[in-house]
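A quick write-up on the structure given underneath.
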Amino acid sequence: MTLRTALNDFKRTRDRRHQFPGEFRSTTGTFSGLDSRLVHVDSDGSLRDYSYPLCGLTGIDRSRFGIDTGSTTWFSADADQRYRGDAGVVETVHDCGDWAVVQTDCTIEQAHVTRFELRGDAPADVSLRAFVGFAPDGRDGRQSLLMHGNTVEAYHRSEHDFVGVSTEFDAVQGQIPERFPELVDDDPVSFPRATGERRYEDTTLTGGVLLSAPFIDGGVTLATLLTDTDDTDRDAALSTIDRLVSDHYTSETLLEAGQAQRRWSVPADTPSRESVVADLRVLSLLSATNGARIAAPDFDPYYVTSGGYGYTWFRDDAEISAFLLEADGTFDLGLDAWHQRSAEFYCRTQQPDGSWPHRVWPGDETLAPGWANARLESGSDADYQADQTASVTTFLATYLRIGDPADPECIEATLGRAVESIDDTLADDGLPVACQNAWENMQGRFTHTAATFLHAYAAVARAPVCATLRDHARSQAETVLSSLDALWTGDRYALREHDGTIDDRLDSATLALPAACRVATEAIDLPAETRDRLFTHVETTLDGLERDTGDIRGLVRFEGDDWRRGSQDREKIWTVSTAWGANSAAQLGALLRDADESRATAAYAWSRDLLGEILPGGSLVQSSGYLPEQLFDDGTPDCGTPLGWPHALRLATVAHLDDAGELTAEPLSARE
């Protein structure tokens with residue numbers, strides 16, 4: 001997203017109730033991109049790249065498609081859109097009355113192929129009209145175009161982007177970007193537009209181009225390719241474009257190419273197969289070639305209302321890795337390479353002190369902009385998210401125990417350093433030191449952080465590591481479990497202790513406790529009183545955080561959450577909190593069942609009840625199958641879409657309930 005497109009969006013949306021102006025939102029449309037590029041196909045068929053965090057190339061900043069039958073008709077946002085098959089192939093059907101244009105999109109490595117085919121009683125002479133605006137090297141100035149027959153090249157310095165078609169161009173015209181007077185004007189600028197009388201070089205010194213190409217035998221293929229001159233020269237790029245527009249000349253061959261990208265297998269009889277496929281697809285979309293995942297497509301690269309989403313957080317990524325490991329063990333999804341890739345990524349990126357930084361660029365694993373890197377700075381650890389290191393530790397220890405790692409010695413060494421780092425942030429009273437929370441908006445001594453410490457220590461205590469490390473981790477798990485008493489309020493565990501005061505607000509992040517305690521029972525004794533507290537805590541938290549607006553139903557993040565409310569006067573519902581509630585209740589059910597307690601029935605019913613809101617057809621699920629991070633009370637999605645974390649939580653919860661024989665049992669009408 002360039003500043004020009006951000007300002008245009010600001011002008012278009014500044015008066016809208018449930019949109020924050022100046023963002024690159026992806027709450028409509030669908031993504032294609034199981035390889036190193038991530039392309040958004042909006043509901044009108046237009047394309048945008050969200051690829052920069054994954055491959056370092058910016059690509060398409062804006063685009064627009066339509067048809068010319070004597071006059072131009074641009075495609076509208078009411079098209080019918082869906083995924084074809086299990087992979088990342090998107091079909092968008094544009095209704096033209098007695099006929100239609102069927103658009104099929106598939107991202108292939110760093111290329112994106114779009115096939116347009118006529119359906120029905122179409123006119124004899126139809127041409128594709130395509131406006132494509134590139135932003136090579138992230139720039140919206142100092143660009144230029146080169147013409148190569150049926151291909152156009154846009155470039156700045158190292159990034160060179162190409163667009164070509166399978167038929168000959170009828171017309172090609174560079175598009176002049178907004179001039180300074182237009183940038184400061186109140187009205188947005190629509191593209192494509194007439195160039196008027198300008199300097200003769202203006203239509204060449206641009207990254208935007210308007211193309212016209214005829215449909216031949218009922219179809220035309222358009223392909224774009226992002227390149228870095230250090231890796232791909234011009235001749236190779238032009239050859240690739242020619243191959244793409246000829247090889248993928250029909251929607252069916254494009255579908256075959258998309259299916260070949262799939263790196264998982266979901267058996268036909270898998271329970272809730274539609275959601276399982278959707279979750280694996282989303283997590284593939286968000287992954288770089290090294291396996292590192294962005295939290296969500298980056299809708300806010302200018303940090304207008306947030307700190308950006310196109311980065312790898314080690315908390316989110318490790319939690320996702322752990323959920324994938326669990327689901328794979330139940331459903332046999334063929335994810336061995338995913339688990340190995342994640343383990344290698346964590347081992348490579350561990351800091352010398354055993355911790356992991358706030359966030360990194362997934363493509364090259366370098367330190368990304370962030371506000372929680374206290375371990376890299378001098379001073380206290382208050383601006384450090386200690387739960388991130390704990391989450392990575394839990395995954396690595398679990399993978400070492402139940403997986404098939406290629407280098408177990410490396411993982412054990414990484415775990416040894418990680419435990420030392422966690423020890424360093426554990427205070428004398430057995431609770432984590434004051435640091436940042438999982439939601440990254442507070443400092444204090446959080447129940448959630450303590451839960452992740454307990455989970456990590458217990459996982460290491462169960463792992464096949466040296467006896468000294470196992471025994472130490474077991475002792476530390478006992479210490480943390482005992483110290484949680486200080487955060488118990490009588491009917492819940494508090495959000496945090498801050499400056500000597502207990503903040504007893506309800507917090508969905510505290511729902512991490514049942515999973516941590518369930519693992520801990522395999523390493524240490526869990527008192528019956530702790531099980532009683534967990535049951536009361538989960539029941540109180542789910543009841544207190546649930547919202548039913550009539551349009552949607554789910555859990556809010558925590559009491560008093562005022563982030564991105566806009567004009568709404570209360571907290572918004574979050575899919576990750578709702579999914580966490582479903583998973584936490586399932587973990588509680590397993591913990592109680594293992595103790596032969598009848599209350600397990602109620603816990604499993606709570607899980608199914610919340611899971612229903614995030615399964616296909618549920619109130620929080622978009623027509624694309626995506627789970628957005630948040631929703632307004634009227635159901636309008638907001639923020640990162642799709643968000644990887646709730647998709648992984650959903651996948652693991654479905655697997656857990658199925659394995660326990662609880663997925664299809666009748667839900668309770670109320671919590672009892």
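Order determines the names: the first chain of the structure tokens is A, the second B, and so forth; residues in each chain are numbered 1 upward, and ligands are numbered 1 upward as they are shown.
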Please, which residues of region 69-207 of chain A, numbered as in this document, come out alpha helix (DSSP H) from DSSP, as a count of residues only?
-> 5
Long-range neighbours of Ala523 (chain A) as a tab-separated table (two decimals) with N, CA, C and O atoms, in the first residue's frame, 7 Å cut-off, only C-alpha atoms, 2 positions minimum in chain:
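Contents of the output file result-v4.tsv:
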```tsv
chain	number	residue	atom	x	y	z
A	458	ALA	N	6.17	-27.64	32.30
A	458	ALA	CA	5.61	-28.99	32.33
A	458	ALA	C	5.93	-29.75	31.05
A	458	ALA	O	6.20	-30.96	31.08
A	461	ALA	N	9.43	-30.88	31.23
A	461	ALA	CA	9.55	-31.96	32.21
A	461	ALA	C	9.11	-33.30	31.62
A	461	ALA	O	9.53	-34.37	32.10
A	462	ARG	N	8.28	-33.27	30.58
A	462	ARG	CA	7.82	-34.50	29.93
A	462	ARG	C	8.67	-34.87	28.71
A	462	ARG	O	8.51	-35.97	28.16
A	474	ARG	N	10.47	-29.65	36.17
A	474	ARG	CA	9.39	-30.17	37.02
A	474	ARG	C	9.28	-29.34	38.31
A	474	ARG	O	8.18	-28.97	38.73
A	520	ALA	N	0.46	-30.20	32.92
A	520	ALA	CA	1.16	-30.29	34.20
A	520	ALA	C	0.81	-31.57	34.95
A	520	ALA	O	1.65	-32.12	35.69
A	521	THR	N	-0.42	-32.07	34.79
A	521	THR	CA	-0.81	-33.29	35.51
A	521	THR	C	0.04	-34.49	35.13
A	521	THR	O	0.11	-35.47	35.88
```
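With only C-alpha atoms as the atoms that count, the minimum distance from Arg564 (chain A) to the choices A:Asp638, A:Asp596, A:Asp95, A:Glu117 is reached by A:Asp638.
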Selection near region 624-631 of chain A, 8 Å with only C-alpha atoms, sequence-local residues under 3 positions removed, as a PyMOL selection string = chain A and resi 27+29-30+82-83+275+278+282+572-576+614+616+620-621+634-643+646-647
Could you write out the selected residues, including N, CA and C atoms, as a PDB file, in the first residue's frame?
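Output file result-v3.pdb is given in full below:
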```pdb
ATOM      1  N   THR A  27     -11.364  -7.311   4.597  1.00  0.00           N
ATOM      2  CA  THR A  27     -12.554  -7.902   5.194  1.00  0.00           C
ATOM      3  C   THR A  27     -13.578  -8.342   4.158  1.00  0.00           C
ATOM      4  N   GLY A  29     -13.748 -10.119   0.003  1.00  0.00           N
ATOM      5  CA  GLY A  29     -12.895 -10.811  -0.954  1.00  0.00           C
ATOM      6  C   GLY A  29     -12.214 -12.035  -0.384  1.00  0.00           C
ATOM      7  N   THR A  30     -11.253 -12.553  -1.147  1.00  0.00           N
ATOM      8  CA  THR A  30     -10.629 -13.841  -0.874  1.00  0.00           C
ATOM      9  C   THR A  30      -9.164 -13.787  -1.303  1.00  0.00           C
ATOM     10  N   ARG A  82     -16.014 -17.695  -4.695  1.00  0.00           N
ATOM     11  CA  ARG A  82     -15.814 -18.883  -3.876  1.00  0.00           C
ATOM     12  C   ARG A  82     -14.431 -19.472  -4.180  1.00  0.00           C
ATOM     13  N   TYR A  83     -13.987 -20.377  -3.282  1.00  0.00           N
ATOM     14  CA  TYR A  83     -12.819 -21.195  -3.575  1.00  0.00           C
ATOM     15  C   TYR A  83     -13.254 -22.401  -4.399  1.00  0.00           C
ATOM     16  N   SER A 275     -14.286 -26.938   7.573  1.00  0.00           N
ATOM     17  CA  SER A 275     -13.530 -26.027   8.431  1.00  0.00           C
ATOM     18  C   SER A 275     -12.061 -26.426   8.502  1.00  0.00           C
ATOM     19  N   ALA A 278     -10.445 -25.152   5.386  1.00  0.00           N
ATOM     20  CA  ALA A 278     -10.338 -23.691   5.446  1.00  0.00           C
ATOM     21  C   ALA A 278      -9.202 -23.261   6.364  1.00  0.00           C
ATOM     22  N   VAL A 282      -5.891 -21.192   5.136  1.00  0.00           N
ATOM     23  CA  VAL A 282      -5.525 -19.892   5.699  1.00  0.00           C
ATOM     24  C   VAL A 282      -4.098 -19.908   6.224  1.00  0.00           C
ATOM     25  N   LYS A 572     -15.813  -5.079  21.579  1.00  0.00           N
ATOM     26  CA  LYS A 572     -16.129  -5.865  20.389  1.00  0.00           C
ATOM     27  C   LYS A 572     -15.856  -7.352  20.640  1.00  0.00           C
ATOM     28  N   ILE A 573     -16.541  -8.175  19.889  1.00  0.00           N
ATOM     29  CA  ILE A 573     -16.325  -9.623  19.954  1.00  0.00           C
ATOM     30  C   ILE A 573     -15.086  -9.978  19.140  1.00  0.00           C
ATOM     31  N   TRP A 574     -14.264 -10.856  19.703  1.00  0.00           N
ATOM     32  CA  TRP A 574     -13.034 -11.313  19.050  1.00  0.00           C
ATOM     33  C   TRP A 574     -13.146 -12.804  18.737  1.00  0.00           C
ATOM     34  N   THR A 575     -12.743 -13.188  17.532  1.00  0.00           N
ATOM     35  CA  THR A 575     -12.788 -14.607  17.176  1.00  0.00           C
ATOM     36  C   THR A 575     -11.743 -15.411  17.944  1.00  0.00           C
ATOM     37  N   VAL A 576     -10.576 -14.817  18.205  1.00  0.00           N
ATOM     38  CA  VAL A 576      -9.547 -15.577  18.921  1.00  0.00           C
ATOM     39  C   VAL A 576      -9.994 -15.846  20.347  1.00  0.00           C
ATOM     40  N   ILE A 614     -18.001 -20.343  15.421  1.00  0.00           N
ATOM     41  CA  ILE A 614     -16.846 -20.140  14.546  1.00  0.00           C
ATOM     42  C   ILE A 614     -16.703 -21.237  13.497  1.00  0.00           C
ATOM     43  N   PRO A 616     -18.195 -23.147   9.999  1.00  0.00           N
ATOM     44  CA  PRO A 616     -18.929 -22.649   8.825  1.00  0.00           C
ATOM     45  C   PRO A 616     -20.420 -22.539   9.118  1.00  0.00           C
ATOM     46  N   LEU A 620     -19.747 -15.774  13.389  1.00  0.00           N
ATOM     47  CA  LEU A 620     -18.478 -15.039  13.300  1.00  0.00           C
ATOM     48  C   LEU A 620     -17.674 -15.391  12.052  1.00  0.00           C
ATOM     49  N   VAL A 621     -18.202 -16.254  11.194  1.00  0.00           N
ATOM     50  CA  VAL A 621     -17.468 -16.740  10.023  1.00  0.00           C
ATOM     51  C   VAL A 621     -17.934 -15.986   8.782  1.00  0.00           C
ATOM     52  N   ASP A 634     -22.944  -5.325  14.856  1.00  0.00           N
ATOM     53  CA  ASP A 634     -23.863  -5.639  13.758  1.00  0.00           C
ATOM     54  C   ASP A 634     -23.310  -6.702  12.816  1.00  0.00           C
ATOM     55  N   GLY A 635     -22.149  -7.260  13.166  1.00  0.00           N
ATOM     56  CA  GLY A 635     -21.545  -8.316  12.359  1.00  0.00           C
ATOM     57  C   GLY A 635     -20.529  -7.841  11.348  1.00  0.00           C
ATOM     58  N   THR A 636     -20.281  -6.537  11.275  1.00  0.00           N
ATOM     59  CA  THR A 636     -19.275  -6.015  10.352  1.00  0.00           C
ATOM     60  C   THR A 636     -17.888  -6.465  10.794  1.00  0.00           C
ATOM     61  N   PRO A 637     -17.147  -7.177   9.934  1.00  0.00           N
ATOM     62  CA  PRO A 637     -15.806  -7.630  10.324  1.00  0.00           C
ATOM     63  C   PRO A 637     -14.815  -6.477  10.357  1.00  0.00           C
ATOM     64  N   ASP A 638     -13.778  -6.619  11.162  1.00  0.00           N
ATOM     65  CA  ASP A 638     -12.789  -5.559  11.307  1.00  0.00           C
ATOM     66  C   ASP A 638     -11.430  -6.177  11.611  1.00  0.00           C
ATOM     67  N   CYS A 639     -10.407  -5.413  11.278  1.00  0.00           N
ATOM     68  CA  CYS A 639      -9.018  -5.727  11.635  1.00  0.00           C
ATOM     69  C   CYS A 639      -8.491  -6.874  10.771  1.00  0.00           C
ATOM     70  N   GLY A 640      -7.460  -7.599  11.254  1.00  0.00           N
ATOM     71  CA  GLY A 640      -6.785  -8.607  10.453  1.00  0.00           C
ATOM     72  C   GLY A 640      -7.729  -9.707   9.990  1.00  0.00           C
ATOM     73  N   THR A 641      -7.801  -9.917   8.672  1.00  0.00           N
ATOM     74  CA  THR A 641      -8.716 -10.917   8.093  1.00  0.00           C
ATOM     75  C   THR A 641      -8.052 -11.602   6.900  1.00  0.00           C
ATOM     76  N   PRO A 642      -7.857 -12.912   6.938  1.00  0.00           N
ATOM     77  CA  PRO A 642      -8.104 -13.821   8.057  1.00  0.00           C
ATOM     78  C   PRO A 642      -6.967 -13.767   9.079  1.00  0.00           C
ATOM     79  N   LEU A 643      -7.285 -14.029  10.321  1.00  0.00           N
ATOM     80  CA  LEU A 643      -6.298 -14.072  11.397  1.00  0.00           C
ATOM     81  C   LEU A 643      -5.925 -15.527  11.650  1.00  0.00           C
ATOM     82  N   PRO A 646      -6.973 -17.772  15.471  1.00  0.00           N
ATOM     83  CA  PRO A 646      -8.253 -18.459  15.704  1.00  0.00           C
ATOM     84  C   PRO A 646      -8.492 -19.627  14.753  1.00  0.00           C
ATOM     85  N   HIS A 647      -7.945 -19.557  13.544  1.00  0.00           N
ATOM     86  CA  HIS A 647      -8.094 -20.696  12.638  1.00  0.00           C
ATOM     87  C   HIS A 647      -7.373 -21.922  13.197  1.00  0.00           C
TER      88      HIS A 647
END
```
May I ask which of the residues A:Asp269, A:Asp78, A:Asp316, A:Asp429 is the closest one to Gln385 (chain A), counting only C-alpha atoms?
->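 For Gln385 (chain A), the nearest of the given residues is A:Asp316.
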Taking only residues of region 57-150 of chain A that have an atom at most 9 Å from an atom of region 163-179 of chain A, what is each one's shortest atom pair and its distance in Å to one decimal, using only C-alpha atoms, in chain and number order, as a tab-separated table?
```
residue	atom	partner	partner_atom	distance
A:Ser127	CA	A:Asp170	CA	8.3
A:Phe131	CA	A:Gln175	CA	8.5
A:Val132	CA	A:Val163	CA	8.1
A:Gly133	CA	A:Gln175	CA	8.1
A:Asp140	CA	A:Pro177	CA	8.1
A:Gly141	CA	A:Pro177	CA	8.7
A:Leu145	CA	A:Gly174	CA	7.7
A:Met147	CA	A:Val172	CA	8.9
A:His148	CA	A:Gly164	CA	9.0
A:Gly149	CA	A:Glu168	CA	7.7
A:Asn150	CA	A:Glu168	CA	5.6
```
Taking into account only C-alpha atoms, which residue in the set A:Met1, A:Leu469, A:Val184, A:Leu211 is nearest to Pro136 (chain A)?
->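 Nearest candidate to Pro136 (chain A) out of A:Met1, A:Leu469, A:Val184, A:Leu211: A:Met1.
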I want to know what sits within 12 Å of His112 (chain A), based on only C-alpha atoms, with residues of the same chain fewer than 2 positions away left out; could you give that as a PDB file with C-alpha atoms, in the first residue's frame?
```pdb
ATOM      1  CA  PHE A  31      -6.892 -14.600  -0.942  1.00  0.00           C
ATOM      2  CA  SER A  32      -4.880 -16.734  -3.329  1.00  0.00           C
ATOM      3  CA  GLY A  33      -1.291 -17.558  -2.489  1.00  0.00           C
ATOM      4  CA  LEU A  34      -0.121 -20.909  -1.147  1.00  0.00           C
ATOM      5  CA  ASP A  35       3.429 -20.135  -2.310  1.00  0.00           C
ATOM      6  CA  SER A  36       5.626 -17.106  -1.586  1.00  0.00           C
ATOM      7  CA  ARG A  37       3.198 -14.440  -2.832  1.00  0.00           C
ATOM      8  CA  LEU A  38      -0.111 -13.404  -1.247  1.00  0.00           C
ATOM      9  CA  VAL A  39      -2.707 -11.832  -3.571  1.00  0.00           C
ATOM     10  CA  HIS A  40      -6.117 -10.546  -2.547  1.00  0.00           C
ATOM     11  CA  VAL A  41      -8.987 -11.007  -4.991  1.00  0.00           C
ATOM     12  CA  LEU A  47      -6.243  -7.677  -7.256  1.00  0.00           C
ATOM     13  CA  ARG A  48      -3.905  -6.375  -4.573  1.00  0.00           C
ATOM     14  CA  ASP A  49      -0.645  -7.743  -3.255  1.00  0.00           C
ATOM     15  CA  SER A  51       3.162 -10.064  -0.417  1.00  0.00           C
ATOM     16  CA  GLY A  59       3.688  -5.878  -6.406  1.00  0.00           C
ATOM     17  CA  ILE A  60       0.159  -4.722  -7.217  1.00  0.00           C
ATOM     18  CA  GLY A  88      -6.060 -21.443  -3.149  1.00  0.00           C
ATOM     19  CA  VAL A  89      -7.875 -21.153  -6.483  1.00  0.00           C
ATOM     20  CA  VAL A  90     -10.531 -18.404  -6.423  1.00  0.00           C
ATOM     21  CA  THR A 104     -10.343 -17.771 -12.037  1.00  0.00           C
ATOM     22  CA  ASP A 105      -7.318 -16.719  -9.967  1.00  0.00           C
ATOM     23  CA  CYS A 106      -4.335 -18.664  -8.736  1.00  0.00           C
ATOM     24  CA  THR A 107      -1.010 -17.527  -7.294  1.00  0.00           C
ATOM     25  CA  ILE A 108       1.936 -19.658  -8.417  1.00  0.00           C
ATOM     26  CA  GLU A 109       5.240 -18.962  -6.639  1.00  0.00           C
ATOM     27  CA  GLN A 110       5.840 -15.236  -7.346  1.00  0.00           C
ATOM     28  CA  THR A 114      -6.062 -14.701 -13.822  1.00  0.00           C
ATOM     29  CA  ARG A 115      -8.186 -16.447 -16.432  1.00  0.00           C
ATOM     30  CA  ASP A 161       7.047  -6.312 -11.958  1.00  0.00           C
ATOM     31  CA  PHE A 162       5.459  -7.651 -15.135  1.00  0.00           C
ATOM     32  CA  VAL A 163       1.934  -7.992 -16.511  1.00  0.00           C
ATOM     33  CA  GLY A 164       1.131  -9.883 -19.706  1.00  0.00           C
ATOM     34  CA  VAL A 165      -1.811 -11.386 -21.547  1.00  0.00           C
ATOM     35  CA  THR A 221      -5.471 -14.966 -19.545  1.00  0.00           C
ATOM     36  CA  LEU A 222      -3.650 -12.233 -17.626  1.00  0.00           C
ATOM     37  CA  ALA A 223      -0.539 -12.949 -15.564  1.00  0.00           C
ATOM     38  CA  THR A 224       1.575 -10.809 -13.261  1.00  0.00           C
ATOM     39  CA  LEU A 225       5.063 -11.623 -12.002  1.00  0.00           C
ATOM     40  CA  LEU A 226       7.111  -9.993  -9.231  1.00  0.00           C
ATOM     41  CA  THR A 240       7.912 -16.964 -17.482  1.00  0.00           C
ATOM     42  CA  ILE A 241       5.033 -14.659 -18.407  1.00  0.00           C
ATOM     43  CA  LEU A 244       2.102 -18.809 -17.696  1.00  0.00           C
ATOM     44  CA  VAL A 245      -0.400 -17.317 -20.110  1.00  0.00           C
ATOM     45  CA  HIS A 248      -2.820 -21.970 -17.817  1.00  0.00           C
ATOM     46  CA  LEU A 254      -5.407 -23.387 -13.502  1.00  0.00           C
ATOM     47  CA  ALA A 257      -1.965 -26.013 -10.902  1.00  0.00           C
ATOM     48  CA  GLY A 258      -3.554 -24.756  -7.693  1.00  0.00           C
TER      49      GLY A 258
END
```
Exercise: Pro123 (chain A) partners within 10 Å, only C-alpha atoms, chain neighbours under 6 positions left out, as a ChimeraX atom specification | /A:69,98-99
Keeping only N, CA and C atoms, write the selected residues as a PDB file, in the first residue's frame.
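Written out: result_33.pdb:
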```pdb
ATOM      1  N   THR A  69     -17.583  -3.870 -24.663  1.00  0.00           N
ATOM      2  CA  THR A  69     -18.426  -4.398 -25.744  1.00  0.00           C
ATOM      3  C   THR A  69     -18.886  -3.254 -26.636  1.00  0.00           C
ATOM      4  N   ASP A  98     -27.610 -11.793 -19.570  1.00  0.00           N
ATOM      5  CA  ASP A  98     -27.783 -13.080 -20.252  1.00  0.00           C
ATOM      6  C   ASP A  98     -26.479 -13.865 -20.338  1.00  0.00           C
ATOM      7  N   TRP A  99     -25.409 -13.270 -19.914  1.00  0.00           N
ATOM      8  CA  TRP A  99     -24.117 -13.946 -19.968  1.00  0.00           C
ATOM      9  C   TRP A  99     -23.286 -13.520 -18.761  1.00  0.00           C
TER      10      TRP A  99
END
```
Determine, counting only C-alpha atoms, which protein, DNA and RNA residues have an atom within 12 Å of an atom of Thr414 (chain A); residues of the same chain fewer than 6 positions away are not included. Present the result as an NGL selection string.
-> :A and (343-356 or 389 or 392-397 or 400 or 407-408 or 420-421 or 460 or 465 or 469)
Looking only at strand (DSSP E) from DSSP on the backbone, list the matching residues of region 399-620 of chain A as a ChimeraX atom specification.
-> /A:435-436,443-446,496-498,501-503,546-548,553-556,573-574
